[in-house]
Every structure is written in C-alpha cells, then in structure tokens.
$ cat upload_23.txt   # compact mmCIF, C-alpha atoms
# COMPACT_ATOMS: atom_id res chain seq x y z
CA GLY A 24 62.01 40.19 47.00
CA VAL A 25 59.80 41.43 44.17
CA VAL A 26 61.63 41.61 40.85
CA THR A 27 60.19 43.90 38.19
CA ASN A 28 61.74 45.59 35.19
CA GLU A 29 62.33 48.57 37.47
CA THR A 30 63.92 46.62 40.35
CA TYR A 31 65.91 44.26 38.11
CA GLY A 32 69.12 46.24 38.71
CA ILE A 33 68.79 45.71 42.46
CA TYR A 34 68.67 41.93 42.25
CA PHE A 35 70.88 41.38 39.18
CA ASN A 36 74.25 42.92 38.37
CA ARG A 37 74.25 44.13 34.77
CA SER A 38 78.00 44.79 34.88
CA ASN A 39 78.63 41.17 35.90
CA SER A 40 76.79 39.34 33.11
CA GLY A 41 73.49 39.59 34.95
CA ARG A 42 74.55 37.48 37.92
CA LEU A 43 72.64 37.80 41.17
CA SER A 44 73.66 40.72 43.34
CA ASP A 45 75.81 40.01 46.38
CA PHE A 46 73.07 40.89 48.84
CA VAL A 47 70.69 38.19 47.52
CA PRO A 48 71.10 35.28 49.95
CA GLU A 49 71.00 31.60 49.10
CA GLY A 50 67.46 30.25 49.45
CA ALA A 51 65.85 33.61 48.74
CA THR A 52 62.50 33.79 46.96
CA LEU A 53 62.50 36.03 43.89
CA ASP A 54 58.97 36.99 42.90
CA PHE A 55 59.04 38.05 39.24
CA GLN A 56 56.20 40.35 38.21
CA GLY A 57 55.32 41.92 34.88
CA LYS A 58 57.25 42.13 31.64
CA PHE A 59 61.00 42.09 31.07
CA LEU A 60 61.64 43.13 27.47
CA SER A 61 65.34 43.10 26.72
CA SER A 62 66.81 45.51 24.20
CA ALA A 63 70.21 46.95 23.30
CA ASP A 64 69.45 49.97 25.46
CA GLU A 65 68.04 47.97 28.35
CA PRO A 66 69.41 44.40 28.40
CA PHE A 67 68.01 41.88 30.85
CA ALA A 68 70.60 39.08 30.89
CA MET A 69 70.12 36.89 33.96
CA GLU A 70 72.35 34.27 35.58
CA ILE A 71 71.13 32.38 38.60
CA ASN A 72 74.39 31.69 40.43
CA LYS A 73 72.90 30.92 43.85
CA PRO A 74 70.20 28.43 44.86
CA VAL A 75 66.98 30.47 44.92
CA ASN A 76 63.25 30.01 44.45
CA ILE A 77 61.80 31.86 41.47
CA ILE A 78 58.04 32.39 41.41
CA THR A 79 55.44 34.79 40.03
CA SER A 80 52.75 35.45 42.62
CA THR A 81 50.90 37.63 40.11
CA ASN A 82 51.15 34.93 37.38
CA ASP A 83 52.22 37.55 34.84
CA ALA A 84 56.01 37.22 34.69
CA TYR A 85 57.03 37.44 31.02
CA ILE A 86 60.69 37.49 30.06
CA ASP A 87 61.78 38.27 26.49
CA LEU A 88 65.57 38.38 26.28
CA ASN A 89 65.44 39.09 22.53
CA THR A 90 68.03 36.36 21.96
CA THR A 91 69.82 36.00 18.66
CA ALA A 92 72.26 33.09 18.50
CA GLY A 93 75.69 34.18 17.35
CA SER A 94 76.79 30.84 15.90
CA LEU A 95 75.16 27.90 14.18
CA MET A 96 77.45 25.53 16.12
CA GLY A 97 76.53 26.74 19.60
CA GLU A 98 79.71 28.58 20.60
CA ASN A 99 77.76 31.79 21.16
CA PRO A 100 74.15 31.11 22.17
CA GLY A 101 73.43 34.80 22.64
CA ASN A 102 71.65 36.63 25.44
CA ARG A 103 70.31 34.02 27.85
CA PHE A 104 68.72 33.08 31.14
CA THR A 105 71.31 30.86 32.84
CA ILE A 106 71.20 28.55 35.81
CA SER A 107 74.86 27.75 36.46
CA PHE A 108 76.72 25.38 38.75
CA ASN A 109 76.49 27.76 41.69
CA GLY A 110 72.75 28.00 41.08
CA SER A 111 72.29 24.30 41.77
CA GLY A 112 69.27 23.68 43.97
CA THR A 113 67.17 26.38 42.28
CA ASN A 114 63.42 25.96 41.73
CA MET A 115 61.52 28.01 39.15
CA THR A 116 57.73 27.99 38.80
CA GLY A 117 55.32 29.58 36.35
CA ILE A 118 57.66 31.90 34.44
CA LYS A 119 56.84 32.60 30.78
CA PHE A 120 59.79 33.11 28.43
CA HIS A 121 59.61 34.43 24.87
CA ASN A 122 62.41 34.40 22.28
CA SER A 123 64.87 33.58 25.03
CA GLN A 124 67.71 31.09 25.35
CA LEU A 125 67.27 29.00 28.52
CA TRP A 126 70.72 27.72 29.49
CA LEU A 127 71.17 25.23 32.33
CA TYR A 128 74.91 24.62 32.39
CA ASN A 129 76.64 22.12 34.69
CA THR A 130 73.87 22.58 37.23
CA HIS A 131 72.28 20.09 39.59
CA ASN A 132 69.07 19.45 41.53
CA VAL A 133 67.06 22.07 39.64
CA THR A 134 63.31 22.03 38.95
CA LEU A 135 61.40 23.98 36.32
CA ASP A 136 57.67 23.60 36.96
CA GLY A 137 55.06 25.17 34.69
CA VAL A 138 57.69 27.12 32.79
CA SER A 139 57.11 27.99 29.13
CA ASN A 140 59.45 29.09 26.36
CA VAL A 141 57.92 30.35 23.12
CA ILE A 142 60.26 30.95 20.17
CA GLU A 143 58.80 32.76 17.17
CA ASP A 144 60.63 33.70 13.98
CA LYS A 145 63.94 34.19 15.81
CA GLN A 146 67.29 32.40 15.61
CA VAL A 147 67.32 30.98 19.12
CA GLY A 148 69.03 27.73 20.12
CA SER A 149 71.35 27.32 17.13
CA GLY A 150 73.49 24.23 17.68
CA VAL A 151 72.32 23.82 21.28
CA GLY A 152 68.51 23.96 21.53
CA ALA A 153 66.30 26.79 22.75
CA THR A 154 65.92 25.24 26.21
CA SER A 155 69.20 23.43 26.81
CA ILE A 156 70.34 21.38 29.82
CA ARG A 157 73.97 20.50 29.34
CA ALA A 158 77.60 20.07 30.38
CA ASN A 159 77.29 17.34 33.00
CA SER A 160 74.08 18.65 34.55
CA THR A 161 72.28 16.14 36.78
CA ASN A 162 68.89 15.76 38.47
CA VAL A 163 67.19 18.51 36.51
CA THR A 164 63.41 18.19 36.25
CA VAL A 165 61.30 19.99 33.65
CA LYS A 166 57.60 19.34 34.25
CA ASN A 167 54.20 20.75 33.36
CA GLY A 168 55.79 23.10 30.84
CA TYR A 169 54.95 24.41 27.40
CA PHE A 170 57.55 24.78 24.65
CA TYR A 171 56.65 26.21 21.26
CA THR A 172 59.08 26.82 18.40
CA LYS A 173 58.36 28.40 15.04
CA ASN A 174 60.97 29.20 12.37
CA ASN A 175 64.06 29.39 14.57
CA GLY A 176 66.35 28.32 11.75
CA GLY A 177 66.20 24.56 12.33
CA SER A 178 67.26 24.12 15.95
CA SER A 179 65.77 21.89 18.62
CA SER A 180 63.28 22.89 21.30
CA LEU A 181 64.08 20.94 24.49
CA VAL A 182 67.55 19.42 24.80
CA LEU A 183 69.68 17.27 27.09
CA ALA A 184 73.35 17.49 26.08
CA TRP A 185 75.48 15.42 28.46
CA ALA A 186 72.84 15.50 31.18
CA ASP A 187 72.12 12.54 33.46
CA TYR A 188 69.33 11.53 35.88
CA CYS A 189 67.08 14.24 34.42
CA THR A 190 63.32 14.18 33.92
CA PHE A 191 61.04 15.69 31.26
CA GLU A 192 57.50 15.00 32.45
CA ASN A 193 54.04 16.16 31.43
CA ASN A 194 55.27 18.84 29.03
CA THR A 195 53.73 19.91 25.73
CA ILE A 196 56.19 20.61 22.93
CA GLU A 197 54.79 22.06 19.70
CA VAL A 198 56.51 23.26 16.54
CA GLU A 199 55.87 24.56 13.06
CA GLY A 200 57.91 25.97 10.23
CA ARG A 201 61.69 25.48 9.95
CA VAL A 202 62.71 23.92 13.24
CA GLY A 203 64.78 21.05 14.60
CA ASN A 204 63.94 18.16 16.89
CA LEU A 205 61.35 18.63 19.61
CA ILE A 206 63.04 16.64 22.39
CA TYR A 207 66.70 15.81 21.81
CA LEU A 208 69.16 13.82 23.91
CA THR A 209 72.39 14.68 22.12
CA THR A 210 76.16 14.50 22.30
CA PHE A 211 76.75 17.01 19.51
CA ASN A 212 78.30 20.43 20.25
CA ILE A 213 79.21 19.44 23.80
CA ASP A 214 82.64 18.33 25.05
CA VAL A 215 82.12 14.91 26.59
CA PRO A 216 85.30 13.45 28.16
CA GLU A 217 86.71 10.32 26.58
CA GLY A 218 85.30 7.19 28.18
CA VAL A 219 82.18 8.92 29.55
CA THR A 220 78.74 7.81 28.38
CA ALA A 221 76.61 10.94 28.17
CA ASN A 222 72.86 11.09 28.69
CA VAL A 223 72.17 8.22 31.08
CA HIS A 224 69.31 7.42 33.47
CA ASN A 225 66.98 10.09 32.10
CA ARG A 226 63.16 9.90 32.14
CA ILE A 227 61.14 11.24 29.21
CA VAL A 228 57.61 10.59 30.46
CA ASN A 229 54.03 11.66 29.66
CA ASN A 230 54.98 14.39 27.20
CA THR A 231 52.87 15.49 24.22
CA VAL A 232 54.85 16.22 21.07
CA ASN A 233 53.06 17.90 18.15
CA ARG A 234 54.05 19.27 14.77
CA LEU A 235 51.20 21.68 14.16
CA ASP A 236 51.57 22.36 10.44
CA GLY A 237 51.45 18.68 9.40
CA VAL A 238 54.55 19.08 7.23
CA TYR A 239 57.29 16.46 6.92
CA ASP A 240 60.77 17.89 7.43
CA SER A 241 63.89 15.70 7.40
CA ILE A 242 65.59 17.72 10.16
CA CYS A 243 62.60 17.65 12.51
CA TRP A 244 62.05 14.51 14.58
CA GLY A 245 59.89 14.10 17.66
CA ILE A 246 62.01 12.51 20.40
CA VAL A 247 65.66 11.70 19.64
CA VAL A 248 67.58 9.48 22.04
CA SER A 249 71.24 8.81 22.76
CA GLY A 250 72.89 7.32 25.83
CA SER A 251 72.00 4.43 28.13
CA ASP A 252 69.39 3.42 30.68
CA ASN A 253 66.88 6.05 29.59
CA LEU A 254 63.12 5.59 30.00
CA ILE A 255 60.90 6.81 27.13
CA GLU A 256 57.40 6.19 28.48
CA ASN A 257 53.80 7.18 27.78
CA ASN A 258 54.63 9.98 25.36
CA THR A 259 52.22 10.97 22.59
CA VAL A 260 53.74 12.04 19.26
CA ASN A 261 51.69 13.58 16.45
CA MET A 262 53.69 14.38 13.33
CA GLN A 263 54.63 13.17 9.87
CA GLY A 264 57.81 11.13 9.44
CA VAL A 265 60.00 10.22 12.41
CA GLY A 266 58.40 10.22 15.85
CA ILE A 267 60.91 8.58 18.20
CA THR A 268 64.38 7.71 16.99
CA THR A 269 68.11 7.62 17.66
CA GLN A 270 70.79 10.25 17.35
CA PHE A 271 72.85 9.72 14.22
CA GLY A 272 75.98 7.70 14.93
CA THR A 273 75.04 6.57 18.44
CA SER A 274 76.68 3.27 19.38
CA VAL A 275 76.78 2.96 23.20
CA SER A 276 73.19 2.36 24.21
CA ASP A 277 72.44 -0.36 26.73
CA GLY A 278 69.31 -0.52 28.84
CA ASN A 279 66.98 1.96 27.16
CA ILE A 280 63.25 1.30 27.59
CA TYR A 281 60.48 2.40 25.21
CA LYS A 282 57.15 1.78 26.91
CA GLY A 283 53.55 2.81 26.30
CA ASN A 284 54.21 5.50 23.72
CA VAL A 285 51.49 6.47 21.21
CA LEU A 286 52.59 7.65 17.77
CA HIS A 287 50.35 8.90 14.98
CA ASN A 288 51.73 8.92 11.42
CA CYS A 289 55.34 8.67 12.57
CA SER A 290 57.81 5.88 13.25
CA LEU A 291 59.47 4.54 16.37
CA ASN A 292 63.13 3.50 15.92
CA THR A 293 65.10 2.16 18.87
CA LEU A 294 68.69 2.09 19.98
CA PRO A 295 70.38 -1.34 20.22
CA ASN A 296 69.78 -3.55 23.25
CA ALA A 297 66.49 -1.85 24.15
CA VAL A 298 63.27 -3.21 25.61
CA VAL A 299 60.24 -2.10 23.58
CA TYR A 300 56.72 -2.84 24.82
CA ASP A 301 53.14 -1.61 25.05
CA ASN A 302 53.66 0.95 22.29
CA TYR A 303 51.01 1.92 19.72
CA VAL A 304 52.04 3.17 16.27
CA GLU A 305 49.50 4.13 13.64
CA GLY A 306 50.39 4.93 10.03
CA ALA A 307 54.08 4.03 10.36
CA SER A 308 56.39 1.32 11.69
CA ILE A 309 58.48 0.26 14.67
CA THR A 310 62.09 -0.75 14.03
CA VAL A 311 63.91 -2.62 16.79
CA ALA A 312 67.71 -2.55 16.63
CA ALA A 313 70.08 -5.41 17.38
CA GLY A 314 69.91 -7.03 20.77
CA GLY A 315 66.48 -5.63 21.58
CA GLU A 316 63.26 -7.26 22.68
CA ALA A 317 59.81 -6.18 21.50
CA TYR A 318 56.51 -7.40 22.90
CA ASN A 319 52.88 -6.37 23.27
CA ASN A 320 53.25 -3.60 20.70
CA THR A 321 50.51 -2.65 18.23
CA VAL A 322 51.30 -1.38 14.75
CA ILE A 323 48.51 -0.27 12.41
CA GLY A 324 49.33 0.52 8.80
CA GLY A 325 52.99 -0.39 9.11
CA SER A 326 55.20 -3.20 10.39
CA LEU A 327 57.32 -4.24 13.33
CA ASN A 328 60.84 -4.54 11.92
CA VAL A 329 63.11 -6.76 13.98
CA ASN A 330 66.81 -6.53 13.12
CA ASP A 331 68.84 -9.16 14.98
CA ALA A 332 66.40 -8.81 17.85
CA LEU A 333 63.62 -10.78 19.60
CA ALA A 334 59.90 -10.23 19.07
CA HIS A 335 56.95 -11.99 20.68
CA ASP A 336 53.26 -11.44 21.36
CA ASN A 337 52.83 -8.32 19.24
CA ASN A 338 49.81 -7.17 17.25
CA ALA A 339 51.68 -6.27 14.09
CA LYS A 340 53.01 -7.54 10.81
CA LEU A 341 56.52 -8.76 11.64
CA VAL A 342 59.59 -8.32 9.46
CA LEU A 343 62.63 -10.35 10.57
CA ASN A 344 66.15 -9.62 9.39
CA GLY A 345 69.53 -10.98 10.46
CA ALA A 346 70.97 -14.18 11.87
CA ASN A 347 70.06 -13.22 15.45
CA ALA A 348 66.44 -12.33 14.71
CA SER A 349 63.97 -14.55 16.53
CA VAL A 350 60.27 -14.73 17.23
CA TYR A 351 57.78 -16.73 19.25
CA GLY A 352 54.20 -16.45 20.41
CA GLU A 353 51.20 -15.48 18.32
CA ILE A 354 52.12 -14.34 14.80
CA ASN A 355 49.69 -12.93 12.26
CA ASP A 356 51.78 -12.00 9.20
CA LEU A 357 55.52 -12.48 8.87
CA ASP A 358 58.10 -11.31 6.34
CA ILE A 359 61.50 -12.99 6.44
CA LYS A 360 64.40 -11.05 4.94
CA SER A 361 68.04 -12.23 4.85
CA ASN A 362 70.08 -14.66 6.97
CA VAL A 363 67.19 -15.57 9.28
CA ASN A 364 67.12 -19.01 10.90
CA ILE A 365 63.97 -19.74 12.91
CA SER A 366 61.88 -22.76 13.84
CA ASP A 367 58.85 -23.89 15.79
CA ILE A 368 56.51 -21.07 14.84
CA THR A 369 52.89 -20.76 13.77
CA VAL A 370 51.85 -18.03 11.34
CA ALA A 371 48.12 -17.46 11.25
CA GLY A 372 48.26 -15.23 8.19
CA THR A 373 50.85 -14.94 5.42
CA LEU A 374 54.55 -15.85 5.54
CA ARG A 375 56.60 -14.10 2.87
CA PHE A 376 60.25 -14.68 1.98
CA ILE A 377 61.69 -11.42 0.61
CA GLY A 378 65.44 -11.93 1.11
CA SER A 379 67.98 -14.73 0.85
CA ASN A 380 69.91 -17.28 2.91
CA SER A 381 67.10 -17.88 5.42
CA ILE A 382 65.99 -21.16 6.97
CA LEU A 383 62.57 -21.97 8.38
CA SER A 384 61.86 -25.31 10.03
CA ASN A 385 59.04 -26.98 11.93
CA ALA A 386 56.56 -24.23 11.09
CA THR A 387 52.79 -24.16 10.70
CA VAL A 388 51.85 -21.58 8.10
CA ASN A 389 48.53 -20.59 6.57
CA LYS A 390 49.99 -19.11 3.37
CA VAL A 391 53.49 -18.78 1.90
CA LEU A 392 54.69 -16.24 -0.67
CA PHE A 393 58.10 -15.71 -2.23
CA GLY A 394 59.40 -12.26 -3.24

$ encode --input "upload_23.txt" --output "structure tokens"
Amino acid sequence: GVVTNETYGIYFNRSNSGRLSDFVPEGATLDFQGKFLSSADEPFAMEINKPVNIITSTNDAYIDLNTTAGSLMGENPGNRFTISFNGSGTNMTGIKFHNSQLWLYNTHNVTLDGVSNVIEDKQVGSGVGATSIRANSTNVTVKNGYFYTKNNGGSSSLVLAWADYCTFENNTIEVEGRVGNLIYLTTFNIDVPEGVTANVHNRIVNNTVNRLDGVYDSICWGIVVSGSDNLIENNTVNMQGVGITTQFGTSVSDGNIYKGNVLHNCSLNTLPNAVVYDNYVEGASITVAAGGEAYNNTVIGGSLNVNDALAHDNNAKLVLNGANASVYGEINDLDIKSNVNISDITVAGTLRFIGSNSILSNATVNKVLFG
C-alpha cells in the first residue's frame, strides 16, 4: 500500500503507539511517499511490529518525528521509529529520516539499505545513540546509508548495544558540533545478562567516518569497539584525536580483527588479544593491547606502541613495553620502555632505551640512545 501523511492512519494505529494496523499482512510492501512531519497536533510515531518491506518508489519519503530525548541515560528516547521483535525480517530501503530516533529493539534479520538519518540541533539519541540497534538484536545490516549529526547534546550517531552478528557496511557517518561517537559498540545503558558477552561477531566494513569541523572533542571518537570476534575492516576515519578505540572499561575481548583501516590525524587503539594488520595511520599512532599481534601496518608521524604484544614486519617506529612484548622481522627505529626482554633483532635505525628493567641480547643496532 501507499503510505502518505494522509493515509498514515490507515496503516498505523495512533492509539496503539503507532503499531501497524491489524489489516496489514506480514510480507506487505509499504511504499512511503512524501513528507511526514510529526508535531504535537499530528504525531507520526511508527512501530514496525510485523515483517514488511518498506520502500519509496517516488524516492521522496522524508520522515521527521521531531524527537526530543526525555532522559540523558536512555530510559526515555522520545518519539521514535521502531522495528521491534515482531518486526523481525523487515527490509527498509531509501527512506530519509530527520531529527528522528531510529530504534531497533530485540529484532532480527533486518536490513536497512540506503537509509539516512540527519540530526540537527536537536537532543536525539541521549544515552542510546540516534540510530540504535540494541537489546539482543541479531543479523541486522545497515548498508549504503548516510548518518549526519550536529549538536545533539553529545550522543552517538550509529550504535550497537548488545547486538550480535550485525553489519555496518559502506555507510558515511559525519558529525560536527557537540556530538558523541560516530560508530559505537557499547554495553552502557543496556541490561546485559550476567555471563553474556555482548557485541560479538559484528562486521564494521568499508565505512567513511568524518568529523567535518576539524575540532578535537574528548567525547567524540570515530569507531568505538567492545565485545569479541568483531571485524573492523577497510574503514576510513578523518578526524582529530581518537579514530578507532575501545569502550572504557572493556575487558572481555578475544578475537577482534582490525584490518586495512585508513586513519588521518587520529589514533587506532585496540582491544586485548586482537590481530592488527594492513592499517595505515597518518599523524597519530597505533597502540596494540596485551596479547595482540600487529604486522604490515604503516604509521606516519607517530609510532606503533606494543604493550605486552607481538609486532613484526611493520613500517613504523616501534615502542615496546612490558615483559610479554616481542618483535621480529625488519625494524627501522625502536624504543624500549620497561620490563622488556628481547633478543636476536636487527635495528636499521635508532634503538632508544626510555624505561627501566629491560634486557636486550644478541642484537645488531645502528645507533643506541638512552633516555
């Protein structure tokens, strides 16, 4: 059926939180056309509680739910477009959202293709993220989308919060002003059962992440990762400060892969036990956490910091720290910090000792500095 602002009340039940009307069958195609501008007098809350296909044959569907988050901690995200558990299996293509909370809650096997969500000077996504996939959602794909956030009070743009086997692919995420993280895999403000590892087996691939105003902000990071067995591959990050990093306090983190990412003027910091390769960082550094392995990375204007991890065959100044730090292969410049014990290496450039309690044996070094 064709859904316009005039036929909305036929397909959605305003008196039932905007859920689909009873007569809409599973598998129906809903063709959204024109503008939906929500107001107090004419609200357009929408909950997709059946598997349907949402398209816009006229390519002009524009939904502004006029969301204002009611809580900074996420308890009341405000007026929203929801795909719920009963809406599992839904596909949505080409819909443009503006100042709207997108809320995918405990839903499964959902695809958003070519969907955009533009947030401008509005408190949308507080504590949860403006486009938020959460509460044990699985197999949700967001691809070919555009997400722009400006001055939403410091909240993130595109979020996985206890979501597994999901994919963000070929999206552009851009921000300016007072905003939060651009892509965020988080366990904050979501009730994860004890013993469950949230955010596993997700793919964050081929996305472009830009901070447009060139400003450094301590609450705004590019891609933030928590969980295990996630693939962070071939993303491009352009911003000042922190490009790819870890959620504060994350401890369980086996099997994450950081591959082929390109970062300009921002750092790449990994979770423990990660594999880190083929990345390019310019104007900042890569820091590899304990138990990780880093190889074939290039760092220009920064260093590759290896904390109780393994590094080999990188094009970067290396900084080793910790008793379990190790290195082999071609080494240009090397800084050794504290408690490092390595042997059988060749340093073509400068070796510098800048910590204490380290041992180096059977090494061929061009130049040695202390301090």

$ residues_around --input "upload_23.txt" --residues "region 46-53 of chain A" --least-positions-apart "4" --cutoff "9 Å" --atoms "only C-alpha atoms" --output "number ranges by chain"
A: 24-26, 34-35, 73-79, 110, 112-113

$ atom_distance --input "upload_23.txt" --atom1 "CA of His224 (chain A)" --atom2 "CA of Asn159 (chain A)"
12.7 Å

$ closest_residue --input "upload_23.txt" --among "A:Val202, A:Ile86, A:Val299, A:Val391" --to "Asn140 (chain A)" --atoms "all atoms listed in the file"
A:Ile86

$ residues_around --input "upload_23.txt" --residues "Gly250 (chain A)" --least-positions-apart "6" --cutoff "8 Å" --atoms "only C-alpha atoms" --output "VMD selection string"
chain A and resid 208 220 to 223 273 275 to 277

$ atom_distance --input "upload_23.txt" --atom1 "CA of Ser249 (chain A)" --atom2 "CA of Thr195 (chain A)"
20.9 Å

$ residues_around --input "upload_23.txt" --residues "Ile309 (chain A)" --least-positions-apart "6" --cutoff "10 Å" --atoms "all atoms listed in the file" --output "PyMOL selection string"
chain A and resi 267-268+286+289-293+299+302-303+317+320-322+325-329+339+341

$ closest_residue --input "upload_23.txt" --among "A:Ser61, A:Ser111, A:Ser180, A:Thr105" --to "Arg42 (chain A)" --atoms "all atoms listed in the file"
A:Thr105

$ closest_residue --input "upload_23.txt" --among "A:Val388, A:Leu88, A:Ile246, A:Leu183" --to "Pro66 (chain A)" --atoms "only C-alpha atoms"
A:Leu88

$ atom_distance --input "upload_23.txt" --atom1 "CA of Val311 (chain A)" --atom2 "CA of Gly278 (chain A)"
13.4 Å

$ residues_around --input "upload_23.txt" --residues "region 96-100 of chain A" --least-positions-apart "3" --cutoff "6 Å" --atoms "only C-alpha atoms" --output "list in words"
Ala92, Gly93, Ser149, Gly150 and Val151 of chain A

$ write_last_selection --input "upload_23.txt" --atoms "C-alpha atoms" --output "CSV table (one decimal), in the frame of the given file"
chain,number,residue,atom,x,y,z
A,92,ALA,CA,72.3,33.1,18.5
A,93,GLY,CA,75.7,34.2,17.4
A,149,SER,CA,71.4,27.3,17.1
A,150,GLY,CA,73.5,24.2,17.7
A,151,VAL,CA,72.3,23.8,21.3

$ residues_around --input "upload_23.txt" --residues "Lys145 (chain A)" --least-positions-apart "4" --cutoff "9 Å" --atoms "only C-alpha atoms" --output "JSON, numbers by chain"
{"A": [89, 90, 91, 92, 122, 173, 174, 175, 176]}

$ residues_near_point --input "upload_23.txt" --point "(77.0, 41.3, 30.9)" --cutoff "10 Å" --atoms "all atoms listed in the file" --output "list in words"
Asn36, Arg37, Ser38, Asn39, Ser40, Gly41, Arg42, Pro66, Phe67, Ala68, Met69, Glu70 and Asn102 of chain A

$ closest_residue --input "upload_23.txt" --among "A:Asn337, A:Asn330, A:Ser179, A:Thr209" --to "Ser349 (chain A)" --atoms "all atoms listed in the file"
A:Asn330

$ closest_residue --input "upload_23.txt" --among "A:Ile323, A:Leu357, A:Ala84, A:Val228" --to "Glu305 (chain A)" --atoms "only C-alpha atoms"
A:Ile323

$ closest_residue --input "upload_23.txt" --among "A:Gly200, A:Gly245, A:Pro295, A:Gly137" --to "Leu181 (chain A)" --atoms "all atoms listed in the file"
A:Gly245

$ residues_near_point --input "upload_23.txt" --point "(73.7, 20.1, 28.1)" --cutoff "6 Å" --atoms "all atoms listed in the file" --output "list in words"
Ser155, Ile156, Arg157, Ala158, Leu183, Ala184, Trp185 and Ala186 of chain A

$ build_atoms --input "upload_23.txt" --residues "region 249-257 of chain A" --atoms "all heavy atoms" --output "short mmCIF file (atom, residue, chain, number, x, y, z; two decimals), keeping the file's coordinate frame"
data_model
loop_
_atom_site.label_atom_id
_atom_site.label_comp_id
_atom_site.auth_asym_id
_atom_site.auth_seq_id
_atom_site.Cartn_x
_atom_site.Cartn_y
_atom_site.Cartn_z
N SER A 249 69.90 9.39 22.69
CA SER A 249 71.24 8.81 22.76
C SER A 249 71.51 8.47 24.22
O SER A 249 70.81 8.94 25.12
CB SER A 249 72.29 9.78 22.23
OG SER A 249 72.39 10.93 23.07
N GLY A 250 72.54 7.66 24.46
CA GLY A 250 72.89 7.32 25.83
C GLY A 250 72.31 5.99 26.27
O GLY A 250 71.77 5.22 25.47
N SER A 251 72.38 5.73 27.57
CA SER A 251 72.00 4.43 28.13
C SER A 251 71.04 4.59 29.30
O SER A 251 71.01 5.62 29.97
CB SER A 251 73.25 3.69 28.61
OG SER A 251 74.13 3.43 27.54
N ASP A 252 70.27 3.53 29.51
CA ASP A 252 69.39 3.42 30.68
C ASP A 252 68.40 4.58 30.77
O ASP A 252 68.07 5.05 31.86
CB ASP A 252 70.21 3.33 31.97
CG ASP A 252 71.10 2.10 31.99
OD1 ASP A 252 70.58 0.99 31.80
OD2 ASP A 252 72.33 2.25 32.15
N ASN A 253 67.91 5.02 29.62
CA ASN A 253 66.88 6.05 29.59
C ASN A 253 65.50 5.42 29.46
O ASN A 253 65.34 4.39 28.80
CB ASN A 253 67.12 7.01 28.42
CG ASN A 253 68.44 7.73 28.54
OD1 ASN A 253 68.66 8.48 29.48
ND2 ASN A 253 69.35 7.50 27.59
N LEU A 254 64.50 6.05 30.06
CA LEU A 254 63.12 5.59 30.00
C LEU A 254 62.31 6.55 29.14
O LEU A 254 62.19 7.73 29.46
CB LEU A 254 62.52 5.51 31.40
CG LEU A 254 61.03 5.16 31.49
CD1 LEU A 254 60.77 3.75 30.95
CD2 LEU A 254 60.53 5.29 32.94
N ILE A 255 61.75 6.03 28.04
CA ILE A 255 60.90 6.81 27.13
C ILE A 255 59.50 6.21 27.27
O ILE A 255 59.18 5.19 26.66
CB ILE A 255 61.41 6.72 25.68
CG1 ILE A 255 62.92 6.90 25.60
CG2 ILE A 255 60.68 7.74 24.81
CD1 ILE A 255 63.44 8.21 26.12
N GLU A 256 58.65 6.84 28.07
CA GLU A 256 57.40 6.19 28.48
C GLU A 256 56.20 7.11 28.36
O GLU A 256 56.22 8.27 28.78
CB GLU A 256 57.53 5.71 29.93
CG GLU A 256 56.30 4.98 30.44
CD GLU A 256 56.44 4.50 31.87
OE1 GLU A 256 57.37 4.94 32.56
OE2 GLU A 256 55.59 3.67 32.29
N ASN A 257 55.13 6.54 27.79
CA ASN A 257 53.80 7.18 27.78
C ASN A 257 53.82 8.57 27.14
O ASN A 257 53.07 9.46 27.56
CB ASN A 257 53.23 7.28 29.20
CG ASN A 257 52.85 5.93 29.77
OD1 ASN A 257 52.73 4.94 29.04
ND2 ASN A 257 52.69 5.86 31.07
#
